[in-house]
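Have a look at data.txt; it's compact mmCIF, N, CA and C atoms:
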# COMPACT_ATOMS: atom_id res chain seq x y z
N MET A 96 -46.28 129.89 -35.89
CA MET A 96 -45.25 129.84 -36.92
C MET A 96 -44.52 131.19 -36.97
N ASN A 97 -43.24 131.09 -37.21
CA ASN A 97 -42.44 132.30 -37.33
C ASN A 97 -42.06 132.49 -38.79
N PRO A 98 -42.36 133.67 -39.35
CA PRO A 98 -42.09 133.88 -40.78
C PRO A 98 -40.62 133.66 -41.17
N ILE A 99 -39.68 134.03 -40.31
CA ILE A 99 -38.28 133.86 -40.68
C ILE A 99 -37.91 132.37 -40.76
N VAL A 100 -38.46 131.57 -39.87
CA VAL A 100 -38.20 130.12 -39.94
C VAL A 100 -38.86 129.55 -41.19
N ASP A 101 -40.06 130.03 -41.50
CA ASP A 101 -40.75 129.56 -42.70
C ASP A 101 -39.94 129.86 -43.96
N GLN A 102 -39.19 130.98 -43.96
CA GLN A 102 -38.38 131.32 -45.12
C GLN A 102 -37.29 130.27 -45.37
N LEU A 103 -36.83 129.62 -44.31
CA LEU A 103 -35.81 128.59 -44.48
C LEU A 103 -36.31 127.40 -45.29
N THR A 104 -37.63 127.26 -45.40
CA THR A 104 -38.18 126.14 -46.18
C THR A 104 -38.04 126.37 -47.68
N GLN A 105 -37.72 127.60 -48.10
CA GLN A 105 -37.52 127.86 -49.53
C GLN A 105 -36.38 127.01 -50.09
N TRP A 106 -35.34 126.81 -49.28
CA TRP A 106 -34.21 125.98 -49.72
C TRP A 106 -34.69 124.54 -49.96
N LYS A 107 -35.45 124.03 -49.01
CA LYS A 107 -35.98 122.68 -49.14
C LYS A 107 -36.90 122.57 -50.36
N ASP A 108 -37.73 123.59 -50.57
CA ASP A 108 -38.63 123.59 -51.73
C ASP A 108 -37.83 123.55 -53.03
N TYR A 109 -36.76 124.31 -53.09
CA TYR A 109 -35.90 124.31 -54.28
C TYR A 109 -35.33 122.91 -54.51
N LEU A 110 -34.84 122.30 -53.45
CA LEU A 110 -34.25 120.96 -53.58
C LEU A 110 -35.27 119.94 -54.06
N GLU A 111 -36.49 120.04 -53.55
CA GLU A 111 -37.55 119.11 -54.00
C GLU A 111 -37.81 119.28 -55.49
N LYS A 112 -37.78 120.51 -55.99
CA LYS A 112 -38.05 120.77 -57.40
C LYS A 112 -36.96 120.22 -58.30
N ILE A 113 -35.70 120.35 -57.89
CA ILE A 113 -34.62 119.91 -58.77
C ILE A 113 -34.36 118.41 -58.70
N LYS A 114 -35.01 117.76 -57.76
CA LYS A 114 -34.77 116.32 -57.57
C LYS A 114 -35.14 115.50 -58.80
N GLU A 115 -36.08 116.00 -59.57
CA GLU A 115 -36.52 115.29 -60.78
C GLU A 115 -35.65 115.73 -61.97
N GLY A 116 -35.45 114.84 -62.89
CA GLY A 116 -34.73 115.19 -64.11
C GLY A 116 -33.30 114.70 -64.10
N THR A 117 -32.56 115.07 -65.13
CA THR A 117 -31.17 114.67 -65.25
C THR A 117 -30.28 115.80 -64.78
N HIS A 118 -29.17 115.43 -64.19
CA HIS A 118 -28.33 116.44 -63.56
C HIS A 118 -26.84 116.17 -63.73
N GLU A 119 -26.41 115.72 -64.88
CA GLU A 119 -24.99 115.45 -65.08
C GLU A 119 -24.15 116.68 -64.79
N GLU A 120 -24.66 117.85 -65.17
CA GLU A 120 -23.90 119.10 -65.00
C GLU A 120 -23.75 119.51 -63.54
N PHE A 121 -24.46 118.88 -62.64
CA PHE A 121 -24.40 119.26 -61.24
C PHE A 121 -23.04 118.98 -60.62
N PHE A 122 -22.27 118.13 -61.22
CA PHE A 122 -20.96 117.80 -60.66
C PHE A 122 -19.83 118.56 -61.37
N GLN A 123 -20.20 119.44 -62.29
CA GLN A 123 -19.21 120.27 -62.98
C GLN A 123 -19.17 121.65 -62.31
N PRO A 124 -18.00 122.28 -62.26
CA PRO A 124 -17.92 123.63 -61.68
C PRO A 124 -18.89 124.58 -62.40
N ILE A 125 -19.49 125.48 -61.64
CA ILE A 125 -20.46 126.41 -62.25
C ILE A 125 -19.74 127.41 -63.16
N SER A 126 -18.47 127.66 -62.88
CA SER A 126 -17.58 128.43 -63.75
C SER A 126 -16.16 128.15 -63.28
N GLU A 127 -15.20 128.62 -64.04
CA GLU A 127 -13.80 128.33 -63.71
C GLU A 127 -13.46 128.77 -62.29
N GLY A 128 -12.90 127.82 -61.53
CA GLY A 128 -12.48 128.11 -60.16
C GLY A 128 -13.61 128.13 -59.15
N LYS A 129 -14.83 127.77 -59.57
CA LYS A 129 -15.99 127.78 -58.67
C LYS A 129 -16.42 126.36 -58.34
N TRP A 130 -17.31 126.27 -57.35
CA TRP A 130 -17.87 124.98 -56.95
C TRP A 130 -18.84 124.46 -58.00
N SER A 131 -19.15 123.19 -57.87
CA SER A 131 -20.24 122.60 -58.65
C SER A 131 -21.55 122.87 -57.91
N LYS A 132 -22.64 122.65 -58.62
CA LYS A 132 -23.96 122.78 -57.98
C LYS A 132 -24.08 121.78 -56.84
N ALA A 133 -23.56 120.56 -57.03
CA ALA A 133 -23.61 119.54 -55.97
C ALA A 133 -22.86 120.01 -54.74
N ALA A 134 -21.71 120.66 -54.93
CA ALA A 134 -20.92 121.15 -53.80
C ALA A 134 -21.64 122.30 -53.08
N ILE A 135 -22.35 123.13 -53.83
CA ILE A 135 -23.11 124.22 -53.19
C ILE A 135 -24.20 123.63 -52.30
N ILE A 136 -24.90 122.63 -52.81
CA ILE A 136 -25.96 121.99 -52.02
C ILE A 136 -25.37 121.34 -50.77
N THR A 137 -24.25 120.66 -50.93
CA THR A 137 -23.61 120.01 -49.80
C THR A 137 -23.09 121.05 -48.80
N HIS A 138 -22.60 122.15 -49.31
CA HIS A 138 -22.14 123.26 -48.46
C HIS A 138 -23.27 123.70 -47.52
N ILE A 139 -24.45 123.92 -48.06
CA ILE A 139 -25.59 124.33 -47.22
C ILE A 139 -25.94 123.21 -46.24
N MET A 140 -25.92 121.98 -46.69
CA MET A 140 -26.22 120.85 -45.80
C MET A 140 -25.24 120.80 -44.63
N PHE A 141 -23.95 120.96 -44.90
CA PHE A 141 -22.96 120.93 -43.83
C PHE A 141 -23.14 122.09 -42.86
N TRP A 142 -23.48 123.28 -43.37
CA TRP A 142 -23.72 124.42 -42.48
C TRP A 142 -24.99 124.22 -41.65
N ASP A 143 -26.02 123.63 -42.24
CA ASP A 143 -27.23 123.32 -41.46
C ASP A 143 -26.89 122.36 -40.32
N ARG A 144 -26.10 121.35 -40.63
CA ARG A 144 -25.71 120.38 -39.60
C ARG A 144 -24.89 121.05 -38.51
N PHE A 145 -23.95 121.91 -38.89
CA PHE A 145 -23.13 122.64 -37.93
C PHE A 145 -23.99 123.52 -37.03
N PHE A 146 -24.93 124.25 -37.61
CA PHE A 146 -25.84 125.09 -36.85
C PHE A 146 -26.63 124.24 -35.86
N TYR A 147 -27.20 123.16 -36.37
CA TYR A 147 -28.07 122.31 -35.54
C TYR A 147 -27.30 121.62 -34.41
N LYS A 148 -26.16 121.05 -34.72
CA LYS A 148 -25.44 120.24 -33.72
C LYS A 148 -24.47 121.04 -32.87
N GLU A 149 -23.77 121.99 -33.48
CA GLU A 149 -22.68 122.66 -32.79
C GLU A 149 -23.06 124.01 -32.18
N ARG A 150 -23.98 124.72 -32.79
CA ARG A 150 -24.28 126.08 -32.33
C ARG A 150 -25.60 126.15 -31.55
N LEU A 151 -26.64 125.54 -32.08
CA LEU A 151 -27.97 125.69 -31.52
C LEU A 151 -28.08 125.28 -30.05
N PRO A 152 -27.48 124.17 -29.62
CA PRO A 152 -27.62 123.82 -28.19
C PRO A 152 -27.14 124.92 -27.25
N SER A 153 -26.02 125.54 -27.56
CA SER A 153 -25.52 126.64 -26.71
C SER A 153 -26.40 127.87 -26.84
N MET A 154 -26.90 128.12 -28.02
CA MET A 154 -27.79 129.27 -28.24
C MET A 154 -29.05 129.14 -27.39
N ILE A 155 -29.63 127.94 -27.40
CA ILE A 155 -30.85 127.69 -26.64
C ILE A 155 -30.63 127.93 -25.15
N GLU A 156 -29.45 127.58 -24.68
CA GLU A 156 -29.11 127.74 -23.26
C GLU A 156 -28.69 129.16 -22.91
N GLY A 157 -28.64 130.04 -23.91
CA GLY A 157 -28.20 131.41 -23.65
C GLY A 157 -26.71 131.49 -23.41
N GLY A 158 -25.99 130.55 -23.98
CA GLY A 158 -24.56 130.43 -23.73
C GLY A 158 -23.72 131.42 -24.50
N SER A 159 -22.44 131.20 -24.39
CA SER A 159 -21.44 132.04 -25.04
C SER A 159 -20.69 131.18 -26.06
N LEU A 160 -20.70 131.62 -27.29
CA LEU A 160 -20.05 130.90 -28.36
C LEU A 160 -18.87 131.70 -28.89
N ALA A 161 -17.89 130.99 -29.40
CA ALA A 161 -16.76 131.65 -30.03
C ALA A 161 -17.13 132.01 -31.47
N GLU A 162 -16.50 133.02 -31.99
CA GLU A 162 -16.66 133.39 -33.40
C GLU A 162 -16.12 132.23 -34.24
N ILE A 163 -16.74 131.97 -35.36
CA ILE A 163 -16.24 130.94 -36.26
C ILE A 163 -15.05 131.53 -37.00
N THR A 164 -13.94 130.82 -36.98
CA THR A 164 -12.72 131.33 -37.60
C THR A 164 -12.72 131.08 -39.11
N ALA A 165 -11.90 131.83 -39.81
CA ALA A 165 -11.75 131.64 -41.25
C ALA A 165 -11.26 130.24 -41.55
N GLU A 166 -10.40 129.71 -40.68
CA GLU A 166 -9.88 128.36 -40.88
C GLU A 166 -11.00 127.32 -40.75
N GLN A 167 -11.90 127.53 -39.79
CA GLN A 167 -13.02 126.61 -39.62
C GLN A 167 -13.94 126.66 -40.85
N VAL A 168 -14.19 127.84 -41.34
CA VAL A 168 -15.04 128.00 -42.52
C VAL A 168 -14.39 127.29 -43.71
N GLU A 169 -13.12 127.54 -43.90
CA GLU A 169 -12.41 126.92 -45.02
C GLU A 169 -12.41 125.40 -44.92
N GLU A 170 -12.19 124.88 -43.72
CA GLU A 170 -12.18 123.43 -43.53
C GLU A 170 -13.55 122.82 -43.79
N MET A 171 -14.61 123.45 -43.27
CA MET A 171 -15.95 122.91 -43.50
C MET A 171 -16.31 122.97 -44.97
N ASN A 172 -15.97 124.05 -45.63
CA ASN A 172 -16.27 124.16 -47.06
C ASN A 172 -15.49 123.13 -47.88
N LYS A 173 -14.25 122.90 -47.52
CA LYS A 173 -13.43 121.89 -48.21
C LYS A 173 -14.04 120.50 -47.98
N ASP A 174 -14.46 120.21 -46.74
CA ASP A 174 -15.09 118.93 -46.44
C ASP A 174 -16.38 118.74 -47.23
N ALA A 175 -17.17 119.82 -47.35
CA ALA A 175 -18.43 119.74 -48.10
C ALA A 175 -18.15 119.46 -49.57
N GLU A 176 -17.17 120.15 -50.14
CA GLU A 176 -16.86 119.93 -51.54
C GLU A 176 -16.33 118.52 -51.77
N SER A 177 -15.48 118.03 -50.88
CA SER A 177 -14.96 116.66 -50.99
C SER A 177 -16.09 115.64 -50.92
N TYR A 178 -17.02 115.85 -50.00
CA TYR A 178 -18.16 114.95 -49.85
C TYR A 178 -19.00 114.95 -51.14
N ALA A 179 -19.24 116.13 -51.69
CA ALA A 179 -20.07 116.23 -52.90
C ALA A 179 -19.46 115.46 -54.06
N HIS A 180 -18.13 115.33 -54.06
CA HIS A 180 -17.45 114.67 -55.17
C HIS A 180 -16.82 113.35 -54.76
N SER A 181 -17.38 112.74 -53.73
CA SER A 181 -16.85 111.47 -53.21
C SER A 181 -17.42 110.25 -53.92
N GLY A 182 -18.31 110.47 -54.86
CA GLY A 182 -18.95 109.35 -55.55
C GLY A 182 -20.40 109.18 -55.13
N ILE A 183 -20.84 109.96 -54.17
CA ILE A 183 -22.23 109.93 -53.73
C ILE A 183 -23.12 110.48 -54.86
N SER A 184 -24.31 109.95 -54.96
CA SER A 184 -25.21 110.42 -56.03
C SER A 184 -25.83 111.76 -55.66
N LEU A 185 -26.23 112.48 -56.69
CA LEU A 185 -26.90 113.75 -56.45
C LEU A 185 -28.18 113.54 -55.64
N TYR A 186 -28.88 112.44 -55.90
CA TYR A 186 -30.11 112.18 -55.16
C TYR A 186 -29.83 111.98 -53.68
N GLU A 187 -28.72 111.31 -53.37
CA GLU A 187 -28.34 111.14 -51.96
C GLU A 187 -27.98 112.49 -51.34
N ILE A 188 -27.31 113.34 -52.11
CA ILE A 188 -26.98 114.68 -51.62
C ILE A 188 -28.26 115.46 -51.34
N ILE A 189 -29.17 115.47 -52.31
CA ILE A 189 -30.42 116.22 -52.15
C ILE A 189 -31.23 115.68 -50.97
N ASP A 190 -31.36 114.36 -50.88
CA ASP A 190 -32.11 113.77 -49.76
C ASP A 190 -31.48 114.13 -48.42
N GLY A 191 -30.16 114.08 -48.35
CA GLY A 191 -29.47 114.44 -47.11
C GLY A 191 -29.68 115.90 -46.76
N ALA A 192 -29.61 116.76 -47.77
CA ALA A 192 -29.81 118.20 -47.54
C ALA A 192 -31.24 118.49 -47.09
N ILE A 193 -32.21 117.83 -47.69
CA ILE A 193 -33.62 118.01 -47.29
C ILE A 193 -33.81 117.53 -45.86
N LYS A 194 -33.27 116.38 -45.55
CA LYS A 194 -33.40 115.83 -44.20
C LYS A 194 -32.79 116.77 -43.16
N GLN A 195 -31.60 117.28 -43.46
CA GLN A 195 -30.92 118.17 -42.52
C GLN A 195 -31.70 119.46 -42.33
N ARG A 196 -32.19 120.04 -43.42
CA ARG A 196 -32.95 121.30 -43.32
C ARG A 196 -34.27 121.08 -42.60
N THR A 197 -34.93 119.96 -42.87
CA THR A 197 -36.20 119.66 -42.20
C THR A 197 -36.00 119.57 -40.70
N ARG A 198 -34.96 118.86 -40.27
CA ARG A 198 -34.67 118.71 -38.83
C ARG A 198 -34.41 120.08 -38.20
N LEU A 199 -33.64 120.91 -38.87
CA LEU A 199 -33.33 122.24 -38.35
C LEU A 199 -34.60 123.08 -38.22
N VAL A 200 -35.39 123.14 -39.28
CA VAL A 200 -36.61 123.95 -39.28
C VAL A 200 -37.60 123.47 -38.22
N GLU A 201 -37.81 122.16 -38.13
CA GLU A 201 -38.75 121.63 -37.14
C GLU A 201 -38.31 122.00 -35.73
N ASN A 202 -37.01 121.95 -35.47
CA ASN A 202 -36.51 122.31 -34.16
C ASN A 202 -36.68 123.80 -33.90
N LEU A 203 -36.34 124.63 -34.89
CA LEU A 203 -36.46 126.09 -34.72
C LEU A 203 -37.91 126.51 -34.49
N ARG A 204 -38.85 125.82 -35.11
CA ARG A 204 -40.27 126.18 -34.94
C ARG A 204 -40.75 126.01 -33.50
N GLN A 205 -40.04 125.22 -32.73
CA GLN A 205 -40.42 124.97 -31.34
C GLN A 205 -39.75 125.94 -30.36
N LEU A 206 -38.90 126.81 -30.87
CA LEU A 206 -38.10 127.66 -29.99
C LEU A 206 -38.58 129.10 -29.96
N ASP A 207 -38.22 129.77 -28.88
CA ASP A 207 -38.43 131.20 -28.76
C ASP A 207 -37.24 131.88 -29.44
N LEU A 208 -37.47 132.49 -30.58
CA LEU A 208 -36.39 133.06 -31.35
C LEU A 208 -35.85 134.37 -30.76
N SER A 209 -36.48 134.86 -29.71
CA SER A 209 -35.95 136.05 -29.05
C SER A 209 -34.86 135.67 -28.04
N LYS A 210 -34.63 134.39 -27.88
CA LYS A 210 -33.61 133.90 -26.94
C LYS A 210 -32.25 134.50 -27.27
N SER A 211 -31.61 135.08 -26.26
CA SER A 211 -30.31 135.74 -26.45
C SER A 211 -29.16 134.82 -26.10
N PHE A 212 -28.04 135.05 -26.74
CA PHE A 212 -26.80 134.34 -26.48
C PHE A 212 -25.66 135.26 -26.90
N LEU A 213 -24.45 134.85 -26.61
CA LEU A 213 -23.28 135.67 -26.95
C LEU A 213 -22.43 134.97 -28.00
N ILE A 214 -21.92 135.74 -28.94
CA ILE A 214 -20.89 135.27 -29.86
C ILE A 214 -19.75 136.27 -29.74
N ASN A 215 -18.62 135.76 -29.28
CA ASN A 215 -17.45 136.62 -29.10
C ASN A 215 -17.75 137.80 -28.18
N GLY A 216 -18.60 137.58 -27.18
CA GLY A 216 -18.94 138.61 -26.23
C GLY A 216 -20.03 139.56 -26.67
N ASN A 217 -20.51 139.43 -27.90
CA ASN A 217 -21.58 140.29 -28.42
C ASN A 217 -22.92 139.58 -28.36
N GLN A 218 -23.93 140.31 -27.91
CA GLN A 218 -25.25 139.71 -27.76
C GLN A 218 -25.96 139.57 -29.11
N HIS A 219 -26.56 138.42 -29.30
CA HIS A 219 -27.35 138.10 -30.49
C HIS A 219 -28.61 137.39 -30.02
N ASN A 220 -29.55 137.18 -30.94
CA ASN A 220 -30.68 136.32 -30.64
C ASN A 220 -30.89 135.35 -31.81
N LEU A 221 -31.68 134.34 -31.55
CA LEU A 221 -31.90 133.31 -32.57
C LEU A 221 -32.51 133.89 -33.84
N GLU A 222 -33.42 134.84 -33.69
CA GLU A 222 -34.06 135.40 -34.89
C GLU A 222 -33.03 136.05 -35.81
N SER A 223 -32.12 136.84 -35.26
CA SER A 223 -31.12 137.49 -36.11
C SER A 223 -30.18 136.46 -36.73
N TYR A 224 -29.86 135.42 -35.99
CA TYR A 224 -28.98 134.37 -36.51
C TYR A 224 -29.67 133.63 -37.66
N VAL A 225 -30.95 133.31 -37.47
CA VAL A 225 -31.70 132.62 -38.52
C VAL A 225 -31.83 133.51 -39.75
N LYS A 226 -32.01 134.82 -39.56
CA LYS A 226 -32.06 135.74 -40.70
C LYS A 226 -30.76 135.67 -41.49
N GLY A 227 -29.64 135.58 -40.80
CA GLY A 227 -28.36 135.45 -41.48
C GLY A 227 -28.27 134.16 -42.28
N GLU A 228 -28.81 133.08 -41.72
CA GLU A 228 -28.82 131.80 -42.43
C GLU A 228 -29.69 131.90 -43.69
N TYR A 229 -30.81 132.59 -43.57
CA TYR A 229 -31.71 132.77 -44.72
C TYR A 229 -31.01 133.59 -45.82
N GLU A 230 -30.30 134.63 -45.43
CA GLU A 230 -29.57 135.45 -46.41
C GLU A 230 -28.51 134.61 -47.12
N HIS A 231 -27.88 133.71 -46.38
CA HIS A 231 -26.90 132.78 -46.97
C HIS A 231 -27.60 131.88 -48.00
N ASP A 232 -28.77 131.38 -47.65
CA ASP A 232 -29.57 130.58 -48.59
C ASP A 232 -29.83 131.37 -49.87
N LEU A 233 -30.28 132.61 -49.71
CA LEU A 233 -30.64 133.43 -50.87
C LEU A 233 -29.44 133.62 -51.80
N HIS A 234 -28.28 133.83 -51.23
CA HIS A 234 -27.07 133.99 -52.03
C HIS A 234 -26.86 132.76 -52.92
N HIS A 235 -26.95 131.58 -52.33
CA HIS A 235 -26.71 130.36 -53.10
C HIS A 235 -27.88 130.00 -54.00
N LEU A 236 -29.10 130.29 -53.59
CA LEU A 236 -30.26 130.05 -54.46
C LEU A 236 -30.13 130.90 -55.73
N LYS A 237 -29.71 132.15 -55.55
CA LYS A 237 -29.54 133.03 -56.71
C LYS A 237 -28.50 132.45 -57.67
N GLN A 238 -27.38 131.98 -57.13
CA GLN A 238 -26.35 131.35 -57.97
C GLN A 238 -26.93 130.20 -58.77
N LEU A 239 -27.63 129.31 -58.08
CA LEU A 239 -28.16 128.11 -58.72
C LEU A 239 -29.26 128.43 -59.73
N LYS A 240 -30.13 129.34 -59.39
CA LYS A 240 -31.24 129.67 -60.31
C LYS A 240 -30.75 130.41 -61.53
N GLU A 241 -29.70 131.22 -61.38
CA GLU A 241 -29.13 131.90 -62.55
C GLU A 241 -28.55 130.91 -63.54
N LEU A 242 -28.19 129.74 -63.03
CA LEU A 242 -27.63 128.71 -63.90
C LEU A 242 -28.69 127.81 -64.50
N GLY A 243 -29.94 128.15 -64.22
CA GLY A 243 -31.05 127.42 -64.86
C GLY A 243 -31.55 126.22 -64.13
N LYS A 244 -31.14 126.01 -62.87
CA LYS A 244 -31.66 124.86 -62.13
C LYS A 244 -32.04 125.29 -60.75
Using structure tokens, write down the structure from this file.
Amino acid sequence: MNPIVDQLTQWKDYLEKIKEGTHEEFFQPISEGKWSKAAIITHIMFWDRFFYKERLPSMIEGGSLAEITAEQVEEMNKDAESYAHSGISLYEIIDGAIKQRTRLVENLRQLDLSKSFLINGNQHNLESYVKGEYEHDLHHLKQLKELGK
């Protein structure tokens, strides 16, 4: 087991805890001009899927990836927010996010995280990339926990 991969399970643990109870406020913005809690969860789910499907195969092969553009980030975030407010239930969002994170973590546990690849010509490895994903989790977990859920 790799400790950094294990840290990614904190997101899944959080989702399991909030699955119980009532969550009407999850579809309301956390503050003016901000996302809802549901959109934050969907945002992480969409990034997990992007990492798993679009980035990880090239990383495993030691390939060369392009930098993610601001436009790509904005589009994915907009898609995640739209999905969160498409009429899908919070339970479906949480289940989807858990499923996506579980698939990612199980796959990462089987890999050599010292594997190198290039992003925009700069060398990286899976461990440093996963650490970045964990830091992203922490940012959003802090937001959600400060709001009491």
As a ChimeraX atom specification, please: all residues of chain A that backbone DSSP puts in alpha helix (DSSP H).
-> /A:98-102,104-113,132-145,151-155,165-179,185-204,221-241
Find the residues around Asn215 of chain A up to 8 Å (only N, CA and C atoms counted), leave out those fewer than 6 positions away in its own chain, and share them as a short mmCIF file (atom, residue, chain, number, x, y, z; two decimals) with N, CA and C atoms, in the coordinates of the input.
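File produced: selection35.cif:
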data_model
loop_
_atom_site.label_atom_id
_atom_site.label_comp_id
_atom_site.auth_asym_id
_atom_site.auth_seq_id
_atom_site.Cartn_x
_atom_site.Cartn_y
_atom_site.Cartn_z
N SER A 159 -22.44 131.20 -24.39
CA SER A 159 -21.44 132.04 -25.04
C SER A 159 -20.69 131.18 -26.06
N LEU A 160 -20.70 131.62 -27.29
CA LEU A 160 -20.05 130.90 -28.36
C LEU A 160 -18.87 131.70 -28.89
N ALA A 161 -17.89 130.99 -29.40
CA ALA A 161 -16.76 131.65 -30.03
C ALA A 161 -17.13 132.01 -31.47
N GLU A 162 -16.50 133.02 -31.99
CA GLU A 162 -16.66 133.39 -33.40
C GLU A 162 -16.12 132.23 -34.24
N ILE A 163 -16.74 131.97 -35.36
CA ILE A 163 -16.24 130.94 -36.26
C ILE A 163 -15.05 131.53 -37.00
#
Find the residues around segment 126-141 of chain A up to 5 Å (only N, CA and C atoms counted), leave out those fewer than 4 positions away in its own chain, and share them as a list in words.
->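 The residues satisfying every condition are Phe121, Phe122, Phe145, Ala175, Glu176 and Ala192 of chain A.
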Name the residues of chain A that fall into strand (DSSP E) according to DSSP on the backbone, using the chain letters and numbers of this document, as a PyMOL selection string.
-> chain A and resi 159-160+211-214+217-220
Could you check which of A:Asp101, A:Glu241, A:Glu230, A:Glu119 is closest to Ser184 of chain A, using only C-alpha atoms?
-> A:Glu119
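The interatomic distance for the pair atom N of Thr104 of chain A and atom CA of His219 of chain A works out to 21.1 Å.
A straight line drawn from atom CA of Lys112 of chain A to atom CA of Ile193 of chain A is 11.4 Å long.
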Which distance in Å separates atom CA of Asn217 of chain A and atom CA of Asp232 of chain A, to one decimal?
->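 Those two atoms sit 23.8 Å apart.
Minimum atom-to-atom distances from A:Asn220, A:Gln238, A:Gln123, A:Asn172 to Leu206 of chain A were compared using only C-alpha atoms, and the lowest value belongs to A:Asn220.
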Distance criterion (only C-alpha atoms): nearest to Ile189 of chain A out of A:Arg150, A:Lys107, A:Lys226, A:His234 =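 Comparing A:Arg150, A:Lys107, A:Lys226, A:His234 against Ile189 of chain A, the winner is A:Lys107.
With distances restricted to all atoms listed in the file, A:Leu199 is the closest residue to Arg144 of chain A from A:Ala165, A:Leu233, A:Leu199, A:Leu185.
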